[in-house]
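A.B. asks: What follows is my_file_15.tsv, TSV, C-alpha atoms.
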```tsv
chain	number	residue	atom	x	y	z
A	1	MET	CA	7.31	-13.81	25.08
A	2	THR	CA	5.44	-14.12	21.83
A	3	ALA	CA	2.78	-11.52	21.17
A	4	ARG	CA	-0.63	-12.92	20.33
A	5	HIS	CA	-2.32	-9.72	19.21
A	6	HIS	CA	-0.75	-7.64	16.45
A	7	PRO	CA	-1.36	-4.49	14.44
A	8	SER	CA	-3.08	-5.00	11.09
A	9	ASP	CA	-0.96	-5.44	7.98
A	10	GLU	CA	-2.10	-2.13	6.57
A	11	THR	CA	-1.15	-0.30	9.77
A	12	LEU	CA	2.32	-1.87	9.57
A	13	LEU	CA	2.47	-0.77	5.92
A	14	PHE	CA	1.70	2.83	6.90
A	15	HIS	CA	4.27	2.59	9.67
A	16	ALA	CA	6.87	1.47	7.13
A	17	SER	CA	5.88	4.20	4.69
A	18	GLY	CA	6.38	6.85	7.37
A	19	ASN	CA	2.83	8.12	6.96
A	20	LEU	CA	1.46	7.21	10.36
A	21	ASP	CA	0.98	9.95	12.96
A	22	GLU	CA	3.73	10.14	15.55
A	23	ALA	CA	1.47	8.95	18.42
A	24	HIS	CA	0.60	5.77	16.53
A	25	ARG	CA	4.20	5.34	15.44
A	26	VAL	CA	5.40	5.28	19.05
A	27	VAL	CA	2.83	2.63	20.03
A	28	ILE	CA	3.73	0.50	17.01
A	29	ALA	CA	7.44	0.84	17.81
A	30	THR	CA	6.70	-0.38	21.34
A	31	HIS	CA	5.15	-3.52	19.91
A	32	LEU	CA	7.83	-4.02	17.23
A	33	ALA	CA	10.61	-4.08	19.83
A	34	GLY	CA	9.23	-7.41	21.07
A	35	CYS	CA	7.68	-8.85	17.92
A	36	PRO	CA	9.94	-10.38	15.23
A	37	ALA	CA	6.96	-11.32	13.05
A	38	CYS	CA	5.76	-7.72	12.80
A	39	ARG	CA	9.32	-6.49	12.23
A	40	ALA	CA	9.44	-8.87	9.27
A	41	ALA	CA	6.18	-7.43	7.95
A	42	VAL	CA	7.59	-3.90	8.27
A	43	ARG	CA	10.75	-4.92	6.42
A	44	LEU	CA	8.70	-6.40	3.62
A	45	ALA	CA	6.81	-3.11	3.33
A	46	GLU	CA	10.11	-1.20	3.40
A	47	CYS	CA	11.26	-3.26	0.43
A	48	VAL	CA	8.18	-2.04	-1.41
A	49	GLY	CA	9.31	1.46	-0.38
A	50	GLY	CA	12.70	0.76	-1.96
A	51	ASP	CA	10.99	-0.28	-5.16
A	52	VAL	CA	8.79	2.83	-5.07
A	53	LEU	CA	11.86	5.05	-4.64
A	54	ASP	CA	13.70	3.30	-7.44
A	55	ARG	CA	10.82	3.73	-9.87
A	56	LEU	CA	10.36	7.42	-9.23
A	57	GLU	CA	11.30	9.66	-12.07
A	58	GLY	CA	14.13	11.80	-10.72
A	59	THR	CA	13.83	15.55	-10.25
A	60	GLU	CA	16.82	17.58	-11.30
A	61	LEU	CA	18.77	18.92	-8.36
A	62	ALA	CA	19.90	22.50	-7.96
A	63	ALA	CA	23.10	23.35	-9.83
A	64	GLY	CA	26.15	22.33	-7.82
A	65	ALA	CA	24.21	19.99	-5.51
A	66	LEU	CA	26.73	17.17	-5.83
A	67	ALA	CA	29.67	19.52	-5.27
A	68	ALA	CA	27.93	20.98	-2.24
A	69	CYS	CA	27.34	17.52	-0.86
A	70	LEU	CA	30.91	16.37	-1.54
A	71	ALA	CA	32.16	19.46	0.27
A	72	ARG	CA	30.25	18.43	3.37
A	73	LEU	CA	31.42	14.82	3.48
A	74	ASP	CA	34.39	15.45	5.74
A	75	ALA	CA	32.57	17.65	8.21
A	76	PRO	CA	32.25	15.91	11.56
A	77	ALA	CA	29.01	14.01	11.93
A	78	PRO	CA	26.66	15.41	14.54
A	79	VAL	CA	27.10	13.67	17.87
A	80	PRO	CA	24.09	11.44	18.41
A	81	VAL	CA	22.04	12.42	21.43
A	82	HIS	CA	21.40	9.51	23.75
A	83	LEU	CA	17.99	9.82	25.30
A	84	ALA	CA	16.55	7.71	28.04
A	85	PRO	CA	12.89	6.80	28.37
A	86	PRO	CA	11.07	7.81	31.56
A	87	PRO	CA	11.72	5.30	34.39
A	88	GLY	CA	10.01	1.98	33.83
A	89	MET	CA	8.94	2.90	30.30
A	90	PRO	CA	9.92	1.20	27.00
A	91	ALA	CA	12.72	2.50	24.78
A	92	SER	CA	10.15	3.82	22.30
A	93	LEU	CA	9.41	6.61	24.83
A	94	ALA	CA	13.02	7.86	24.91
A	95	GLY	CA	12.93	11.65	24.83
A	96	TYR	CA	9.31	11.82	25.97
A	97	ARG	CA	7.97	12.76	29.40
A	98	ILE	CA	4.89	11.53	31.14
A	99	GLY	CA	2.54	14.35	32.11
A	100	PRO	CA	0.67	14.52	35.40
A	101	MET	CA	-1.52	11.49	36.01
A	102	ARG	CA	-5.15	12.56	36.08
A	103	ARG	CA	-7.64	10.35	37.84
A	104	PRO	CA	-11.07	11.22	36.50
A	105	VAL	CA	-12.61	8.24	38.26
A	106	ARG	CA	-11.43	5.77	40.85
A	107	GLY	CA	-9.38	3.02	39.28
A	108	LEU	CA	-8.46	4.89	36.12
A	109	GLY	CA	-5.40	7.05	35.50
A	110	ILE	CA	-4.64	8.98	32.32
A	111	ALA	CA	-1.47	10.90	31.59
A	112	THR	CA	-0.62	12.72	28.40
A	113	ILE	CA	2.74	11.79	26.95
A	114	LEU	CA	4.72	15.00	26.50
A	115	PRO	CA	5.49	16.79	24.35
A	116	PRO	CA	2.14	16.20	22.67
A	117	ALA	CA	2.79	14.15	19.56
A	118	SER	CA	0.67	16.17	17.16
A	119	ARG	CA	-2.66	17.85	16.89
A	120	ARG	CA	-4.03	14.96	14.91
A	121	ALA	CA	-3.37	12.04	17.23
A	122	GLY	CA	-2.84	11.92	20.96
A	123	LEU	CA	-0.56	9.65	22.98
A	124	TYR	CA	-1.47	8.68	26.53
A	125	LEU	CA	-0.43	6.41	29.35
A	126	LEU	CA	-3.38	4.58	30.89
A	127	GLU	CA	-3.51	2.87	34.26
A	128	VAL	CA	-6.54	0.69	34.77
A	129	ALA	CA	-7.18	-1.00	38.11
A	130	PRO	CA	-7.94	-4.75	38.09
A	131	GLY	CA	-11.54	-5.49	37.24
A	132	MET	CA	-12.13	-1.97	36.00
A	133	SER	CA	-13.75	-1.65	32.61
A	134	MET	CA	-11.70	0.38	30.17
A	135	PRO	CA	-13.43	3.15	28.28
A	136	ALA	CA	-15.71	1.89	25.54
A	137	HIS	CA	-14.43	2.91	22.13
A	138	GLY	CA	-16.10	2.92	18.77
A	139	HIS	CA	-15.73	6.37	17.32
A	140	GLY	CA	-14.02	6.15	13.99
A	141	GLY	CA	-10.33	6.98	14.12
A	142	LEU	CA	-7.46	4.58	14.55
A	143	GLU	CA	-6.75	3.54	18.14
A	144	LEU	CA	-3.73	1.53	19.20
A	145	THR	CA	-3.09	0.12	22.67
A	146	ALA	CA	0.22	-1.48	23.63
A	147	ILE	CA	0.09	-3.34	26.92
A	148	LEU	CA	3.08	-2.63	29.15
A	149	ARG	CA	2.01	-4.33	32.40
A	150	GLY	CA	-0.93	-6.32	33.65
A	151	ALA	CA	-3.54	-7.62	31.22
A	152	PHE	CA	-6.98	-6.93	29.86
A	153	GLU	CA	-9.60	-8.96	28.11
A	154	ASP	CA	-12.17	-8.17	25.46
A	155	ALA	CA	-14.16	-10.15	22.92
A	156	GLU	CA	-10.94	-10.87	20.98
A	157	GLY	CA	-9.23	-12.52	23.93
A	158	VAL	CA	-6.68	-11.67	26.58
A	159	TYR	CA	-4.05	-9.01	25.93
A	160	ARG	CA	-0.76	-9.22	27.80
A	161	PRO	CA	2.48	-7.23	27.79
A	162	GLY	CA	3.87	-7.18	24.24
A	163	ASP	CA	0.41	-7.44	22.69
A	164	LEU	CA	-1.11	-4.66	20.66
A	165	ALA	CA	-4.81	-3.96	20.32
A	166	GLU	CA	-5.87	-2.13	17.17
A	167	THR	CA	-9.34	-0.72	16.94
A	168	GLY	CA	-11.03	1.71	14.66
A	169	GLU	CA	-14.12	2.30	12.58
A	170	ALA	CA	-17.07	0.32	13.82
A	171	ASP	CA	-15.39	-1.48	16.70
A	172	ASP	CA	-17.29	-1.13	19.90
A	173	HIS	CA	-15.72	-3.27	22.52
A	174	THR	CA	-15.35	-2.97	26.26
A	175	PRO	CA	-12.02	-4.24	27.50
A	176	VAL	CA	-11.80	-5.16	31.18
A	177	ALA	CA	-8.55	-5.15	33.13
A	178	LEU	CA	-7.88	-8.60	34.55
A	179	ALA	CA	-7.49	-9.29	38.24
A	180	GLY	CA	-4.02	-8.96	39.70
A	181	GLU	CA	-1.73	-6.16	38.60
A	182	THR	CA	-2.89	-2.72	37.49
A	183	CYS	CA	-2.99	-2.73	33.70
A	184	VAL	CA	-0.65	-0.13	32.23
A	185	CYS	CA	-1.00	0.69	28.54
A	186	LEU	CA	0.35	3.08	25.99
A	187	PHE	CA	-2.59	4.37	24.01
A	188	SER	CA	-2.75	6.41	20.80
A	189	VAL	CA	-5.90	7.77	19.25
A	190	SER	CA	-6.58	9.89	16.19
A	191	GLY	CA	-8.37	13.11	16.98
A	192	LYS	CA	-7.99	14.76	20.32
A	193	LEU	CA	-11.52	16.13	20.62
A	194	ARG	CA	-12.99	12.72	20.19
A	195	PHE	CA	-10.80	11.59	23.02
A	196	GLN	CA	-12.38	14.22	25.27
A	197	SER	CA	-15.86	12.94	24.48
A	198	TRP	CA	-14.62	9.42	25.09
A	199	LEU	CA	-13.65	10.50	28.61
A	200	ALA	CA	-16.98	12.22	29.10
A	201	ARG	CA	-18.79	9.07	28.06
A	202	LEU	CA	-16.86	7.12	30.61
A	203	VAL	CA	-17.43	9.56	33.42
A	204	GLN	CA	-21.09	10.24	32.73
A	205	PRO	CA	-22.63	6.88	33.60
A	206	LEU	CA	-20.55	6.65	36.73
A	207	PHE	CA	-21.68	10.00	37.98
A	208	GLY	CA	-25.22	9.41	36.84
A	209	ILE	CA	-25.27	12.54	34.69
B	1	MET	CA	-12.32	2.87	-11.32
B	2	HIS	CA	-9.46	1.23	-13.19
B	3	GLU	CA	-9.01	4.28	-15.38
B	4	THR	CA	-8.79	6.50	-12.33
B	5	ILE	CA	-6.19	4.31	-10.70
B	6	HIS	CA	-4.13	4.04	-13.83
B	7	TYR	CA	-4.30	7.75	-14.30
B	8	ARG	CA	-3.07	8.23	-10.76
B	9	LEU	CA	-0.38	5.68	-11.29
B	10	ALA	CA	0.83	7.61	-14.30
B	11	THR	CA	0.96	10.85	-12.37
B	12	VAL	CA	2.59	9.46	-9.25
B	13	LEU	CA	4.88	6.75	-10.47
B	14	VAL	CA	6.86	5.84	-13.48
B	15	SER	CA	6.70	2.18	-14.25
B	16	GLN	CA	10.06	1.88	-15.91
B	17	PRO	CA	12.43	-0.28	-13.93
B	18	GLY	CA	14.89	2.61	-13.61
B	19	ASP	CA	18.09	3.00	-15.58
B	20	ALA	CA	20.61	0.34	-16.32
B	21	VAL	CA	22.04	0.53	-12.80
B	22	THR	CA	21.45	-2.81	-11.10
B	23	PRO	CA	20.66	-3.20	-7.40
B	24	ALA	CA	23.80	-5.29	-6.98
B	25	HIS	CA	25.89	-2.52	-8.54
B	26	LEU	CA	24.41	0.05	-6.16
B	27	ALA	CA	25.04	-2.23	-3.19
B	28	ARG	CA	28.69	-2.52	-4.28
B	29	GLN	CA	29.01	1.28	-4.40
B	30	ILE	CA	27.74	1.51	-0.83
B	31	ALA	CA	30.26	-1.16	0.20
B	32	LEU	CA	33.03	0.86	-1.47
B	33	VAL	CA	32.00	3.97	0.46
B	34	ALA	CA	32.01	1.91	3.66
B	35	SER	CA	35.35	0.19	3.07
B	36	ARG	CA	37.44	3.03	1.63
B	37	ARG	CA	35.42	6.23	1.67
B	38	ASP	CA	35.31	6.05	-2.11
B	39	ARG	CA	34.09	9.41	-3.45
B	40	ALA	CA	33.58	8.16	-7.00
B	41	ALA	CA	31.32	5.43	-5.66
B	42	PHE	CA	29.50	8.06	-3.63
B	43	ALA	CA	29.06	10.25	-6.70
B	44	ALA	CA	27.54	7.27	-8.52
B	45	LEU	CA	25.12	6.73	-5.64
B	46	PHE	CA	24.31	10.42	-5.64
B	47	ALA	CA	23.59	10.36	-9.37
B	48	HIS	CA	21.21	7.47	-8.97
B	49	PHE	CA	19.46	8.26	-5.71
B	50	ALA	CA	19.54	12.02	-5.13
B	51	PRO	CA	17.09	12.94	-7.95
B	52	ARG	CA	14.74	10.16	-6.81
B	53	VAL	CA	14.92	11.21	-3.16
B	54	LYS	CA	14.12	14.76	-4.23
B	55	SER	CA	11.08	13.52	-6.15
B	56	TYR	CA	10.03	11.47	-3.12
B	57	MET	CA	10.17	14.53	-0.86
B	58	LEU	CA	8.33	16.70	-3.38
B	59	ARG	CA	5.57	14.11	-3.80
B	60	LEU	CA	5.09	14.14	-0.06
B	61	GLY	CA	4.54	17.87	-0.04
B	62	ALA	CA	7.98	19.31	0.68
B	63	SER	CA	8.76	22.67	-0.91
B	64	ALA	CA	11.54	22.68	-3.51
B	65	PRO	CA	14.14	24.07	-1.06
B	66	GLN	CA	13.06	21.60	1.65
B	67	ALA	CA	13.23	18.72	-0.80
B	68	GLU	CA	16.70	19.82	-1.90
B	69	ASP	CA	17.77	20.06	1.73
B	70	LEU	CA	16.38	16.69	2.75
B	71	THR	CA	18.04	15.13	-0.29
B	72	GLN	CA	21.40	16.53	0.80
B	73	GLU	CA	20.84	15.22	4.33
B	74	THR	CA	19.83	11.80	3.01
B	75	MET	CA	22.95	11.52	0.86
B	76	LEU	CA	25.17	12.69	3.72
B	77	ALA	CA	23.63	10.00	5.89
B	78	VAL	CA	24.35	7.45	3.15
B	79	TRP	CA	28.02	8.50	3.37
B	80	ARG	CA	28.13	8.44	7.17
B	81	LYS	CA	26.15	5.26	7.74
B	82	ALA	CA	27.55	3.20	4.87
B	83	GLU	CA	29.22	0.79	7.31
B	84	ARG	CA	25.84	-0.08	8.68
B	85	PHE	CA	24.47	-1.12	5.31
B	86	ASP	CA	24.03	-4.89	5.31
B	87	PRO	CA	23.15	-6.26	1.87
B	88	ALA	CA	21.87	-9.41	3.58
B	89	LEU	CA	19.23	-7.32	5.32
B	90	ALA	CA	18.13	-4.79	2.72
B	91	GLY	CA	18.78	-3.80	-0.85
B	92	ALA	CA	20.41	-0.46	-1.64
B	93	ALA	CA	17.15	1.23	-2.62
B	94	THR	CA	15.35	-0.05	0.47
B	95	TRP	CA	18.16	1.17	2.70
B	96	VAL	CA	18.18	4.63	1.12
B	97	PHE	CA	14.39	4.72	1.30
B	98	THR	CA	14.44	4.12	5.08
B	99	ILE	CA	17.05	6.87	5.55
B	100	ALA	CA	15.00	9.35	3.51
B	101	ARG	CA	11.79	8.36	5.26
B	102	ASN	CA	13.33	8.82	8.73
B	103	LEU	CA	14.86	12.19	7.87
B	104	ARG	CA	11.51	13.38	6.58
B	105	ILE	CA	9.81	12.25	9.79
B	106	ASP	CA	12.46	14.11	11.82
B	107	ALA	CA	11.94	17.23	9.75
B	108	LEU	CA	8.19	17.10	10.24
B	109	ARG	CA	8.54	16.70	13.96
B	110	ARG	CA	9.03	19.90	15.83
B	111	GLU	CA	12.58	20.75	16.72
B	112	ARG	CA	12.96	18.52	19.71
B	113	PRO	CA	14.87	15.39	20.48
B	114	THR	CA	12.82	12.23	20.78
B	115	ALA	CA	13.55	8.59	20.33
B	116	ASP	CA	14.80	7.49	16.94
B	117	LEU	CA	12.20	4.80	16.51
B	118	ALA	CA	13.98	3.32	13.54
B	119	GLU	CA	17.13	2.84	15.60
B	120	ILE	CA	15.14	1.15	18.34
B	121	ALA	CA	13.65	-1.28	15.87
B	122	GLU	CA	17.12	-1.83	14.42
B	123	ALA	CA	18.55	-2.57	17.86
B	124	ALA	CA	15.68	-4.92	18.62
B	125	SER	CA	16.23	-6.75	15.38
B	126	ASP	CA	19.70	-7.81	16.49
B	127	ALA	CA	17.83	-10.56	18.28
B	128	PRO	CA	17.46	-13.72	16.22
B	129	GLU	CA	14.44	-13.53	13.97
B	130	ALA	CA	11.74	-16.11	14.47
B	131	ASP	CA	10.38	-15.55	11.02
B	132	GLY	CA	12.35	-16.94	8.13
B	133	LEU	CA	10.63	-14.50	5.79
B	134	ILE	CA	13.29	-11.91	6.55
B	135	GLU	CA	16.04	-13.27	4.33
B	136	THR	CA	13.69	-13.84	1.45
B	137	ALA	CA	12.01	-10.48	1.78
B	138	GLN	CA	15.39	-8.88	1.53
B	139	SER	CA	16.25	-10.49	-1.74
B	140	GLU	CA	15.10	-7.44	-3.64
B	141	GLY	CA	14.93	-9.33	-6.87
B	142	GLY	CA	12.41	-11.73	-5.39
B	143	LEU	CA	10.33	-8.90	-4.06
B	144	ARG	CA	10.33	-7.07	-7.36
B	145	ALA	CA	9.25	-10.18	-9.17
B	146	ALA	CA	6.45	-10.63	-6.64
B	147	LEU	CA	5.42	-7.00	-7.03
B	148	ALA	CA	5.42	-7.29	-10.80
B	149	ALA	CA	3.18	-10.34	-10.53
B	150	LEU	CA	0.58	-8.46	-8.49
B	151	PRO	CA	-2.56	-7.35	-10.28
B	152	ASP	CA	-2.04	-3.72	-11.37
B	153	GLU	CA	-4.68	-2.38	-9.06
B	154	LEU	CA	-3.14	-3.95	-5.97
B	155	ALA	CA	0.39	-2.89	-6.90
B	156	THR	CA	-0.81	0.64	-7.49
B	157	LEU	CA	-2.61	0.87	-4.17
B	158	LEU	CA	0.43	-0.51	-2.40
B	159	ARG	CA	2.68	2.09	-4.01
B	160	LEU	CA	0.22	4.91	-3.44
B	161	SER	CA	0.25	4.18	0.27
B	162	PHE	CA	3.79	5.55	0.33
B	163	PHE	CA	2.52	8.94	-0.73
B	164	GLU	CA	-0.68	9.26	1.21
B	165	ASP	CA	-1.51	10.06	4.74
B	166	HIS	CA	-3.02	7.31	6.80
B	167	ALA	CA	-4.95	9.57	9.14
B	168	HIS	CA	-6.90	11.28	6.43
B	169	GLY	CA	-7.85	8.26	4.43
B	170	ASP	CA	-6.35	10.10	1.47
B	171	ILE	CA	-6.09	7.09	-0.81
B	172	SER	CA	-9.74	6.43	-0.29
B	173	ALA	CA	-10.69	10.05	-1.07
B	174	ARG	CA	-8.37	10.23	-4.03
B	175	LEU	CA	-9.61	7.09	-5.67
B	176	GLY	CA	-13.22	7.45	-4.59
B	177	MET	CA	-12.95	3.99	-3.03
B	178	PRO	CA	-14.40	3.29	0.42
B	179	LEU	CA	-11.73	3.20	3.14
B	180	GLY	CA	-12.67	-0.35	4.08
B	181	THR	CA	-12.12	-1.47	0.48
B	182	VAL	CA	-8.73	0.24	0.34
B	183	LYS	CA	-7.69	-1.49	3.55
B	184	SER	CA	-8.82	-4.94	2.47
B	185	LYS	CA	-7.09	-4.55	-0.91
B	186	LEU	CA	-3.87	-3.42	0.79
B	187	ARG	CA	-4.11	-6.39	3.10
B	188	ARG	CA	-4.61	-8.70	0.14
B	189	ALA	CA	-1.66	-7.17	-1.71
B	190	LEU	CA	0.66	-7.68	1.28
B	191	LEU	CA	-0.57	-11.22	1.77
B	192	ARG	CA	0.12	-12.01	-1.89
B	193	LEU	CA	3.64	-10.64	-1.60
B	194	ARG	CA	4.30	-12.72	1.46
B	195	VAL	CA	2.95	-15.87	-0.14
B	196	ALA	CA	4.91	-15.23	-3.35
B	197	LEU	CA	8.12	-14.75	-1.38
B	198	GLU	CA	7.51	-17.92	0.60
B	199	ASP	CA	6.92	-19.81	-2.63
B	200	GLN	CA	10.23	-18.57	-4.01
B	201	ARG	CA	12.12	-20.10	-1.12
```
Turn this file's structure into structure tokens for me.
C.D. replies:
Amino acid sequence: MTARHHPSDETLLFHASGNLDEAHRVVIATHLAGCPACRAAVRLAECVGGDVLDRLEGTELAAGALAACLARLDAPAPVPVHLAPPPGMPASLAGYRIGPMRRPVRGLGIATILPPASRRAGLYLLEVAPGMSMPAHGHGGLELTAILRGAFEDAEGVYRPGDLAETGEADDHTPVALAGETCVCLFSVSGKLRFQSWLARLVQPLFGI
Amino acid sequence: MHETIHYRLATVLVSQPGDAVTPAHLARQIALVASRRDRAAFAALFAHFAPRVKSYMLRLGASAPQAEDLTQETMLAVWRKAERFDPALAGAATWVFTIARNLRIDALRRERPTADLAEIAEAASDAPEADGLIETAQSEGGLRAALAALPDELATLLRLSFFEDHAHGDISARLGMPLGTVKSKLRRALLRLRVALEDQR
């Protein structure tokens, strides 16, 4: 399975630098697990990180820092906690839970991934019935969608499991879930409030408000 | 614009190539820690990396005690994970950078266990790589040469991205450059690195 839709280079750079919000990081990690090309791009960016670290002018450590560190070397290492992802979910969701699935309209399910990643970016599981139009985006912040099951199509083409859709800024596209299986996606979006209005926009036309 | 960027470069980064310690020497010290728990080798690694890791944490907004703490944790992880260092995959500085980065992310996250995303990527990368870029990208010398050959402005933006928050478009605000311009320049910088590394093969 070779992914055909990838995150942008600059998003991979921010992933490598550790400066991407947790919600986005989880969606990127989901894609990376199945995409050698993007892992290579992340490693390239990490090499830049190594160069950045090496060029930093050092800051003097507290007196006795080395001795303190040496004294801790023989202490037993903390036992790594092995966490499992929720059933049927990718390894990137290990340690997370899936909140109650809300169904604001027929054919669409939204669950918050718990615990909430951060106040700045939300992480959700979406279930979109075949033929159902996914919420129209186009509101500024970064949005990442990793397809777990099923498929959807927008102006850029067809997105299948392993693919990642990155939108932001002026994008205004309307993805439609393809016939067949329910499309299940992991979705991260910057700004929670905007996400609420996004839902409202979806619900409004359908209820004729 | 150029003045601003160069000013920022001067305040954020030092352009000297570090002290006389070579990447190969550092990699050997890590190998010595891995093979025989060599404390002298560890002390050498500490001398080189700990002050830099502390600066890295401070630049990213950690308080002095937090930075000191995270530096200790990073160096302890260097000791404990030394066996997992593979010089064919990453240079010493890159490896230490990823450890420091991950520990900072953990510290920022609330006190709760979640997936170690770096470990997942690591596990996934046991699969054969389709992209031959990997080996080249890891030759740190090649990368540094490619970085040095980048126009100053692109190199600076690339380096700044390690100290700025994506969500807030901080680089853009800081440099008074539109976000779209920052992104396209970053993209161009990464593309140039990739092309340069491919050419070196």
A.B. asks: So which residues touch Phe85 of chain B within 9 Å, counting only C-alpha atoms, skipping near sequence neighbours fewer than 5 positions away, as a PyMOL selection string?
C.D. replies: chain B and resi 27+30-31+34+78+90-92+95
A.B. asks: Write the residues of the selection above to a file with C-alpha atoms, as a short mmCIF file (atom, residue, chain, number, x, y, z; two decimals), in the coordinates of the input.
C.D. replies:
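Done, and the output landed in result.cif:
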```cif
data_model
loop_
_atom_site.label_atom_id
_atom_site.label_comp_id
_atom_site.auth_asym_id
_atom_site.auth_seq_id
_atom_site.Cartn_x
_atom_site.Cartn_y
_atom_site.Cartn_z
CA ALA B 27 25.04 -2.23 -3.19
CA ILE B 30 27.74 1.51 -0.83
CA ALA B 31 30.26 -1.16 0.20
CA ALA B 34 32.01 1.91 3.66
CA VAL B 78 24.35 7.45 3.15
CA ALA B 90 18.13 -4.79 2.72
CA GLY B 91 18.78 -3.80 -0.85
CA ALA B 92 20.41 -0.46 -1.64
CA TRP B 95 18.16 1.17 2.70
#
```
A.B. asks: Please provide the set of residues having any atom within 10 Å of Glu68 of chain B, restricted to all atoms listed in the file, with same-chain residues fewer than 6 positions apart removed, written as a ChimeraX atom specification.
C.D. replies: /A:59-62,65 /B:50-51,53-55,57-58,62,74
A.B. asks: Could you take the residues named above and write them with C-alpha atoms, as a PDB file, in the frame of the given file?
C.D. replies:
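In the end it all went to selection_18.pdb:
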```pdb
ATOM      1  CA  THR A  59      13.830  15.550 -10.250  1.00  0.00           C
ATOM      2  CA  GLU A  60      16.820  17.580 -11.300  1.00  0.00           C
ATOM      3  CA  LEU A  61      18.770  18.920  -8.360  1.00  0.00           C
ATOM      4  CA  ALA A  62      19.900  22.500  -7.960  1.00  0.00           C
ATOM      5  CA  ALA A  65      24.210  19.990  -5.510  1.00  0.00           C
TER       6      ALA A  65
ATOM      7  CA  ALA B  50      19.540  12.020  -5.130  1.00  0.00           C
ATOM      8  CA  PRO B  51      17.090  12.940  -7.950  1.00  0.00           C
ATOM      9  CA  VAL B  53      14.920  11.210  -3.160  1.00  0.00           C
ATOM     10  CA  LYS B  54      14.120  14.760  -4.230  1.00  0.00           C
ATOM     11  CA  SER B  55      11.080  13.520  -6.150  1.00  0.00           C
ATOM     12  CA  MET B  57      10.170  14.530  -0.860  1.00  0.00           C
ATOM     13  CA  LEU B  58       8.330  16.700  -3.380  1.00  0.00           C
ATOM     14  CA  ALA B  62       7.980  19.310   0.680  1.00  0.00           C
ATOM     15  CA  THR B  74      19.830  11.800   3.010  1.00  0.00           C
TER      16      THR B  74
END
```
A.B. asks: How many Å separate atom CA of Ser188 of chain A from atom CA of Leu123 of chain A?
C.D. replies: 4.5 Å
A.B. asks: Using all atoms listed in the file, can you tell me which of A:Gly18, A:Gly141, A:Pro130, A:Pro86 comes closest to Leu114 of chain A?
C.D. replies: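 Smallest distance to Leu114 of chain A is found for A:Pro86.
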A.B. asks: Measuring atom to atom with only C-alpha atoms, identify which of B:Ile105, B:Leu191, B:Val21, B:Leu186 is nearest to Ala44 of chain B.
C.D. replies: B:Val21
A.B. asks: Work out how far apart atom CA of Pro76 of chain A and atom CA of Ala107 of chain B are and give it in Å to one decimal.
C.D. replies: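 These two atoms are separated by 20.4 Å.
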A.B. asks: Write out as a list in words which residues come within 12 Å of Ala68 of chain A when counting only C-alpha atoms, dropping same-chain ones fewer than 6 positions away.
C.D. replies: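 That gives Leu61, Ala62, Asp74 and Ala75 of chain A; Ala43, Phe46, Glu68, Asp69, Thr71, Gln72, Glu73, Met75 and Leu76 of chain B.
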A.B. asks: With C-alpha atoms retained, export the selected residues as a PDB file, in the frame of the given file.
C.D. replies:
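The result, stored in out.pdb:
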```pdb
ATOM      1  CA  LEU A  61      18.770  18.920  -8.360  1.00  0.00           C
ATOM      2  CA  ALA A  62      19.900  22.500  -7.960  1.00  0.00           C
ATOM      3  CA  ASP A  74      34.390  15.450   5.740  1.00  0.00           C
ATOM      4  CA  ALA A  75      32.570  17.650   8.210  1.00  0.00           C
TER       5      ALA A  75
ATOM      6  CA  ALA B  43      29.060  10.250  -6.700  1.00  0.00           C
ATOM      7  CA  PHE B  46      24.310  10.420  -5.640  1.00  0.00           C
ATOM      8  CA  GLU B  68      16.700  19.820  -1.900  1.00  0.00           C
ATOM      9  CA  ASP B  69      17.770  20.060   1.730  1.00  0.00           C
ATOM     10  CA  THR B  71      18.040  15.130  -0.290  1.00  0.00           C
ATOM     11  CA  GLN B  72      21.400  16.530   0.800  1.00  0.00           C
ATOM     12  CA  GLU B  73      20.840  15.220   4.330  1.00  0.00           C
ATOM     13  CA  MET B  75      22.950  11.520   0.860  1.00  0.00           C
ATOM     14  CA  LEU B  76      25.170  12.690   3.720  1.00  0.00           C
TER      15      LEU B  76
END
```
A.B. asks: Kindly add N, CA and C atoms to the incomplete segment 28-34 of chain A and provide the output as a short mmCIF file (atom, residue, chain, number, x, y, z; two decimals), in the coordinates of the input.
C.D. replies:
```
data_model
loop_
_atom_site.label_atom_id
_atom_site.label_comp_id
_atom_site.auth_asym_id
_atom_site.auth_seq_id
_atom_site.Cartn_x
_atom_site.Cartn_y
_atom_site.Cartn_z
N ILE A 28 3.29 1.60 17.88
CA ILE A 28 3.73 0.50 17.01
C ILE A 28 5.18 0.12 17.32
N ALA A 29 6.03 1.12 17.51
CA ALA A 29 7.44 0.84 17.81
C ALA A 29 7.57 0.05 19.11
N THR A 30 6.70 0.35 20.06
CA THR A 30 6.70 -0.38 21.34
C THR A 30 6.43 -1.86 21.09
N HIS A 31 5.48 -2.13 20.24
CA HIS A 31 5.15 -3.52 19.91
C HIS A 31 6.27 -4.18 19.10
N LEU A 32 6.80 -3.46 18.12
CA LEU A 32 7.83 -4.02 17.23
C LEU A 32 9.06 -4.49 18.01
N ALA A 33 9.41 -3.74 19.07
CA ALA A 33 10.61 -4.08 19.83
C ALA A 33 10.54 -5.52 20.33
N GLY A 34 9.33 -6.04 20.55
CA GLY A 34 9.23 -7.41 21.07
C GLY A 34 8.58 -8.37 20.10
#
```
